[in-house]
Amino acid sequence: MSHHCHHDHASGSGFRVLLVAFLITTSFMVVEVIGGLISGSLALIADAGHMLTDSFALALALAAIRLAKRTPDNKRSFGYQRFTTLAAFINAASLLLIVGWIFIEAVQRFIEPEPVMGPTMLVIAIVGFAVNLFAFWLLHRGQQDNINIRAATLHVLGDLLGSAAAIVAAIIIILTDWTPIDPILSVVVSLLVLRGAWSLLKETSHELLEGVPNSVDTEQIAQQMPKELTGVINVHHIHAWQLGSQQIVVTLHVHADGSQSHDKLLASIHRWLYQQFGIQHATVQLEYDQCEQFDCEPHPSHSH
């Protein structure tokens, strides 16, 4: 039972980290919107838009951690563990939309450059960078095996890059008055964010589509188990999927030769699955003959 306690503790600390990051991000987003409107800087308003999705991402992650802890019921026998994956998927999808919006906005700024108050923009961008750096440090310390916290960290990293770009753009505007640097840097940042969002979208889609987790090799289970465990003839009907960031579930049929006692063989199969792949939740169906395929009596000799 010890791993359950550890998991609860981990999700508790994850919740606190996310809550602090959420409060910091949301507060600064308001400052950035006001600053963007005063200075006329699209970079700041775009960064504030980015921070709005950060707040949304963090709020989703917080809700997901709370929901995932709810106990299973008659309607959801696995509980709400998959909700965290769903939240991370929505986060990744929202990042792709924002990147698209920034591209369109940047093109418009190239066509019609607008005046920007460099000094005001610089001050707010520096404060934003400090705020994002702190939020990123907090989240990066959290468990990175939690797909939810990783999604939130990715959002904040995008912000951190956005703030850095805004600082550079502000300095260039102050020194040279060349405003196109603003949209140019916002596109560069968007491309970096796009890469992370795409890989997260692939990973969460795979999990939502009941894909086999990366740590499990069904081919290896089918080939190695009969070689390594006495009493196993073959393994078939193997299905593996992932529930949340922690739990892998496997179901399989094992054709046994009857040389081992039922319970002993079952125990050794569970132990083997755990040692090879870290699988803790396996449903194993033992079959002692293939008679059900031929519709014959299991042991006709005993009927006399």
# chains A, B, ... in the order shown; residues from 1 in each chain; ligands from 1
>>> residues_around(residues="Lys264 of chain A", least_positions_apart="3", cutoff="12 Å", atoms="only C-alpha atoms", output="PyMOL selection string")
chain A and resi 229-232+256+258-261+267-271+286
>>> closest_atom_pairs(of="segment 150-233 of chain A", to="segment 48-59 of chain A", cutoff="12 Å", atoms="only C-alpha atoms", output="CSV")
residue,atom,partner,partner_atom,distance
A:Arg150,CA,A:Leu58,CA,10.6
A:Ala151,CA,A:Ala57,CA,7.6
A:Ala152,CA,A:Leu58,CA,5.8
A:Thr153,CA,A:Leu58,CA,9.0
A:Leu154,CA,A:Asp54,CA,9.1
A:His155,CA,A:Asp54,CA,5.6
A:Val156,CA,A:Asp54,CA,6.5
A:Leu157,CA,A:Asp54,CA,9.8
A:Gly158,CA,A:His50,CA,7.9
A:Asp159,CA,A:His50,CA,6.5
A:Leu160,CA,A:Met51,CA,9.9
A:Leu161,CA,A:His50,CA,10.9
A:Gly162,CA,A:His50,CA,8.4
A:Ser163,CA,A:Ala48,CA,9.8
A:Ala166,CA,A:Ala48,CA,11.4
A:Ser186,CA,A:His50,CA,11.1
A:Val189,CA,A:His50,CA,11.3
A:Ser190,CA,A:His50,CA,10.3
A:Val193,CA,A:His50,CA,10.7
>>> residues_around(residues="Asn214 of chain A", least_positions_apart="3", cutoff="12 Å", atoms="only C-alpha atoms", output="VMD selection string")
chain A and resid 203 206 to 207 210 to 211 217 to 218 240 to 242 248 277 to 278
>>> closest_residue(among="A:Leu243, A:Leu44, A:Val254, A:Leu138", to="Arg82 of chain A", atoms="only C-alpha atoms")
A:Leu243
>>> residues_around(residues="segment 119-127 of chain A", least_positions_apart="5", cutoff="9 Å", atoms="only C-alpha atoms", output="list of chain:residue names")
A:Phe28, A:Val31, A:Glu32, A:Gly35, A:Gly36, A:Ile38, A:Ser39, A:Gly40, A:Ser41, A:Ala43, A:Leu44, A:Asn132, A:Gly162, A:Ser163, A:Ala164, A:Ala165, A:Ala166, A:Ile167, A:Val168, A:Ala169, A:Ala170, A:Ile171, A:Ile173, A:Ile174
>>> select_by_dssp(residues="segment 54-300 of chain A", states="helix (DSSP H, G or I)", output="PyMOL selection string")
chain A and resi 54-68+83-111+118-141+147-176+181-208+218-228+262-277+291-293+300
>>> residues_around(residues="Ala64 of chain A", least_positions_apart="2", cutoff="10 Å", atoms="only C-alpha atoms", output="list in words")
Phe15, Leu58, Ala59, Leu60, Ala61, Leu62, Arg66, Leu67, Ala68, Lys69, Tyr80, Gln81, Arg82, Phe83, Thr84, Thr85, Leu86, Ala87, Ala88 and Asn148 of chain A
>>> write_last_selection(atoms="C-alpha atoms", output="PDB file, in the first residue's frame")
ATOM      1  CA  PHE A  15      -1.466  20.985  -6.097  1.00  0.00           C
ATOM      2  CA  LEU A  58      -3.090  26.040 -14.400  1.00  0.00           C
ATOM      3  CA  ALA A  59      -6.761  26.193 -13.339  1.00  0.00           C
ATOM      4  CA  LEU A  60      -7.476  23.078 -15.460  1.00  0.00           C
ATOM      5  CA  ALA A  61      -4.486  21.302 -13.942  1.00  0.00           C
ATOM      6  CA  LEU A  62      -5.691  22.170 -10.436  1.00  0.00           C
ATOM      7  CA  ARG A  66      -8.718  17.312  -7.425  1.00  0.00           C
ATOM      8  CA  LEU A  67     -10.923  15.230  -9.757  1.00  0.00           C
ATOM      9  CA  ALA A  68      -8.315  12.493 -10.228  1.00  0.00           C
ATOM     10  CA  LYS A  69      -8.350  11.893  -6.460  1.00  0.00           C
ATOM     11  CA  TYR A  80     -11.325  10.266 -12.791  1.00  0.00           C
ATOM     12  CA  GLN A  81      -7.627   9.588 -13.390  1.00  0.00           C
ATOM     13  CA  ARG A  82      -7.907  10.127 -17.152  1.00  0.00           C
ATOM     14  CA  PHE A  83      -9.232  13.673 -16.561  1.00  0.00           C
ATOM     15  CA  THR A  84      -5.640  14.900 -16.091  1.00  0.00           C
ATOM     16  CA  THR A  85      -4.785  13.628 -19.583  1.00  0.00           C
ATOM     17  CA  LEU A  86      -7.871  15.336 -21.003  1.00  0.00           C
ATOM     18  CA  ALA A  87      -6.849  18.617 -19.328  1.00  0.00           C
ATOM     19  CA  ALA A  88      -3.321  18.357 -20.762  1.00  0.00           C
ATOM     20  CA  ASN A 148      -0.509  17.836 -16.173  1.00  0.00           C
TER      21      ASN A 148
END
>>> closest_atom_pairs(of="segment 80-154 of chain A", to="segment 21-24 of chain A", cutoff="8 Å", atoms="only C-alpha atoms", output="tab-separated table")
residue	atom	partner	partner_atom	distance
A:Val131	CA	A:Ile24	CA	7.1
A:Ala135	CA	A:Ala21	CA	5.1
A:Leu138	CA	A:Ala21	CA	7.2
A:Leu139	CA	A:Ala21	CA	7.4
>>> atom_distance(atom1="atom CA of Thr283 of chain A", atom2="atom CA of Pro213 of chain A")
16.5 Å
>>> closest_residue(among="A:Phe136, A:Phe129, A:Tyr274, A:Phe103", to="Leu191 of chain A", atoms="only C-alpha atoms")
A:Phe103
>>> atom_distance(atom1="atom CA of Ile181 of chain A", atom2="atom CA of Met117 of chain A")
13.6 Å
>>> closest_residue(among="A:Pro180, A:Pro226, A:Gly196, A:Gly128", to="Pro115 of chain A", atoms="only C-alpha atoms")
A:Pro180
>>> closest_residue(among="A:Glu112, A:Glu219, A:Gln224, A:Ser205", to="His237 of chain A", atoms="only C-alpha atoms")
A:Glu219
>>> atom_distance(atom1="atom CA of Val249 of chain A", atom2="atom CA of Leu273 of chain A")
11.0 Å
>>> closest_residue(among="A:Asp47, A:Asp257, A:Asp177, A:Glu114", to="Tyr288 of chain A", atoms="only C-alpha atoms")
A:Asp257
>>> residues_around(residues="Phe110 of chain A", least_positions_apart="2", cutoff="9 Å", atoms="only C-alpha atoms", output="VMD selection string")
chain A and resid 105 to 108 112 to 113 179 to 180 183 to 184
>>> decode(residues="segment 68-90 of chain A", atoms="N, CA, C and O atoms", output="PDB file, in the first residue's frame")
ATOM      1  N   ALA A  68      -9.001  13.787 -10.115  1.00  0.00           N
ATOM      2  CA  ALA A  68      -8.315  12.493 -10.228  1.00  0.00           C
ATOM      3  C   ALA A  68      -8.295  11.759  -8.891  1.00  0.00           C
ATOM      4  O   ALA A  68      -8.194  10.535  -8.835  1.00  0.00           O
ATOM      5  N   LYS A  69      -8.395  12.518  -7.786  1.00  0.00           N
ATOM      6  CA  LYS A  69      -8.350  11.893  -6.460  1.00  0.00           C
ATOM      7  C   LYS A  69      -9.715  11.352  -6.037  1.00  0.00           C
ATOM      8  O   LYS A  69      -9.811  10.647  -5.047  1.00  0.00           O
ATOM      9  N   ARG A  70     -10.764  11.714  -6.782  1.00  0.00           N
ATOM     10  CA  ARG A  70     -12.095  11.216  -6.414  1.00  0.00           C
ATOM     11  C   ARG A  70     -12.153   9.702  -6.588  1.00  0.00           C
ATOM     12  O   ARG A  70     -11.597   9.156  -7.536  1.00  0.00           O
ATOM     13  N   THR A  71     -12.826   9.046  -5.673  1.00  0.00           N
ATOM     14  CA  THR A  71     -12.836   7.580  -5.704  1.00  0.00           C
ATOM     15  C   THR A  71     -13.715   7.060  -6.839  1.00  0.00           C
ATOM     16  O   THR A  71     -14.676   7.719  -7.233  1.00  0.00           O
ATOM     17  N   PRO A  72     -13.377   5.878  -7.356  1.00  0.00           N
ATOM     18  CA  PRO A  72     -14.202   5.270  -8.413  1.00  0.00           C
ATOM     19  C   PRO A  72     -15.629   5.031  -7.932  1.00  0.00           C
ATOM     20  O   PRO A  72     -15.859   4.832  -6.734  1.00  0.00           O
ATOM     21  N   ASP A  73     -16.587   5.078  -8.850  1.00  0.00           N
ATOM     22  CA  ASP A  73     -17.982   4.797  -8.486  1.00  0.00           C
ATOM     23  C   ASP A  73     -18.556   3.826  -9.525  1.00  0.00           C
ATOM     24  O   ASP A  73     -17.834   3.320 -10.379  1.00  0.00           O
ATOM     25  N   ASN A  74     -19.862   3.579  -9.452  1.00  0.00           N
ATOM     26  CA  ASN A  74     -20.482   2.611 -10.362  1.00  0.00           C
ATOM     27  C   ASN A  74     -20.377   3.014 -11.823  1.00  0.00           C
ATOM     28  O   ASN A  74     -20.296   2.176 -12.712  1.00  0.00           O
ATOM     29  N   LYS A  75     -20.419   4.319 -12.075  1.00  0.00           N
ATOM     30  CA  LYS A  75     -20.367   4.796 -13.458  1.00  0.00           C
ATOM     31  C   LYS A  75     -18.941   4.890 -13.977  1.00  0.00           C
ATOM     32  O   LYS A  75     -18.698   4.726 -15.166  1.00  0.00           O
ATOM     33  N   ARG A  76     -17.999   5.213 -13.092  1.00  0.00           N
ATOM     34  CA  ARG A  76     -16.589   5.344 -13.501  1.00  0.00           C
ATOM     35  C   ARG A  76     -15.736   4.443 -12.624  1.00  0.00           C
ATOM     36  O   ARG A  76     -15.214   4.875 -11.598  1.00  0.00           O
ATOM     37  N   SER A  77     -15.601   3.193 -13.065  1.00  0.00           N
ATOM     38  CA  SER A  77     -14.917   2.198 -12.229  1.00  0.00           C
ATOM     39  C   SER A  77     -13.430   2.507 -12.053  1.00  0.00           C
ATOM     40  O   SER A  77     -12.795   2.011 -11.136  1.00  0.00           O
ATOM     41  N   PHE A  78     -12.856   3.337 -12.954  1.00  0.00           N
ATOM     42  CA  PHE A  78     -11.452   3.724 -12.824  1.00  0.00           C
ATOM     43  C   PHE A  78     -11.304   5.086 -12.133  1.00  0.00           C
ATOM     44  O   PHE A  78     -10.208   5.617 -12.044  1.00  0.00           O
ATOM     45  N   GLY A  79     -12.423   5.665 -11.708  1.00  0.00           N
ATOM     46  CA  GLY A  79     -12.344   7.001 -11.115  1.00  0.00           C
ATOM     47  C   GLY A  79     -12.143   8.048 -12.202  1.00  0.00           C
ATOM     48  O   GLY A  79     -12.565   7.856 -13.344  1.00  0.00           O
ATOM     49  N   TYR A  80     -11.479   9.143 -11.856  1.00  0.00           N
ATOM     50  CA  TYR A  80     -11.325  10.266 -12.791  1.00  0.00           C
ATOM     51  C   TYR A  80      -9.871  10.475 -13.201  1.00  0.00           C
ATOM     52  O   TYR A  80      -9.486  11.570 -13.577  1.00  0.00           O
ATOM     53  N   GLN A  81      -9.058   9.420 -13.125  1.00  0.00           N
ATOM     54  CA  GLN A  81      -7.627   9.588 -13.390  1.00  0.00           C
ATOM     55  C   GLN A  81      -7.342  10.123 -14.789  1.00  0.00           C
ATOM     56  O   GLN A  81      -6.425  10.903 -14.984  1.00  0.00           O
ATOM     57  N   ARG A  82      -8.144   9.723 -15.764  1.00  0.00           N
ATOM     58  CA  ARG A  82      -7.907  10.127 -17.152  1.00  0.00           C
ATOM     59  C   ARG A  82      -8.197  11.620 -17.367  1.00  0.00           C
ATOM     60  O   ARG A  82      -7.813  12.195 -18.375  1.00  0.00           O
ATOM     61  N   PHE A  83      -8.901  12.250 -16.412  1.00  0.00           N
ATOM     62  CA  PHE A  83      -9.232  13.673 -16.561  1.00  0.00           C
ATOM     63  C   PHE A  83      -7.974  14.523 -16.708  1.00  0.00           C
ATOM     64  O   PHE A  83      -7.961  15.512 -17.433  1.00  0.00           O
ATOM     65  N   THR A  84      -6.897  14.130 -16.004  1.00  0.00           N
ATOM     66  CA  THR A  84      -5.640  14.900 -16.091  1.00  0.00           C
ATOM     67  C   THR A  84      -5.098  14.879 -17.519  1.00  0.00           C
ATOM     68  O   THR A  84      -4.602  15.882 -18.007  1.00  0.00           O
ATOM     69  N   THR A  85      -5.236  13.732 -18.198  1.00  0.00           N
ATOM     70  CA  THR A  85      -4.785  13.628 -19.583  1.00  0.00           C
ATOM     71  C   THR A  85      -5.638  14.512 -20.485  1.00  0.00           C
ATOM     72  O   THR A  85      -5.130  15.190 -21.383  1.00  0.00           O
ATOM     73  N   LEU A  86      -6.944  14.510 -20.227  1.00  0.00           N
ATOM     74  CA  LEU A  86      -7.871  15.336 -21.003  1.00  0.00           C
ATOM     75  C   LEU A  86      -7.523  16.822 -20.840  1.00  0.00           C
ATOM     76  O   LEU A  86      -7.495  17.575 -21.815  1.00  0.00           O
ATOM     77  N   ALA A  87      -7.219  17.220 -19.599  1.00  0.00           N
ATOM     78  CA  ALA A  87      -6.849  18.617 -19.328  1.00  0.00           C
ATOM     79  C   ALA A  87      -5.572  18.990 -20.079  1.00  0.00           C
ATOM     80  O   ALA A  87      -5.485  20.054 -20.695  1.00  0.00           O
ATOM     81  N   ALA A  88      -4.583  18.098 -20.062  1.00  0.00           N
ATOM     82  CA  ALA A  88      -3.321  18.357 -20.762  1.00  0.00           C
ATOM     83  C   ALA A  88      -3.546  18.447 -22.274  1.00  0.00           C
ATOM     84  O   ALA A  88      -2.927  19.264 -22.957  1.00  0.00           O
ATOM     85  N   PHE A  89      -4.467  17.613 -22.791  1.00  0.00           N
ATOM     86  CA  PHE A  89      -4.801  17.640 -24.221  1.00  0.00           C
ATOM     87  C   PHE A  89      -5.420  18.985 -24.606  1.00  0.00           C
ATOM     88  O   PHE A  89      -5.049  19.602 -25.610  1.00  0.00           O
ATOM     89  N   ILE A  90      -6.358  19.473 -23.773  1.00  0.00           N
ATOM     90  CA  ILE A  90      -7.000  20.773 -24.034  1.00  0.00           C
ATOM     91  C   ILE A  90      -5.965  21.899 -23.988  1.00  0.00           C
ATOM     92  O   ILE A  90      -5.970  22.805 -24.818  1.00  0.00           O
TER      93      ILE A  90
END
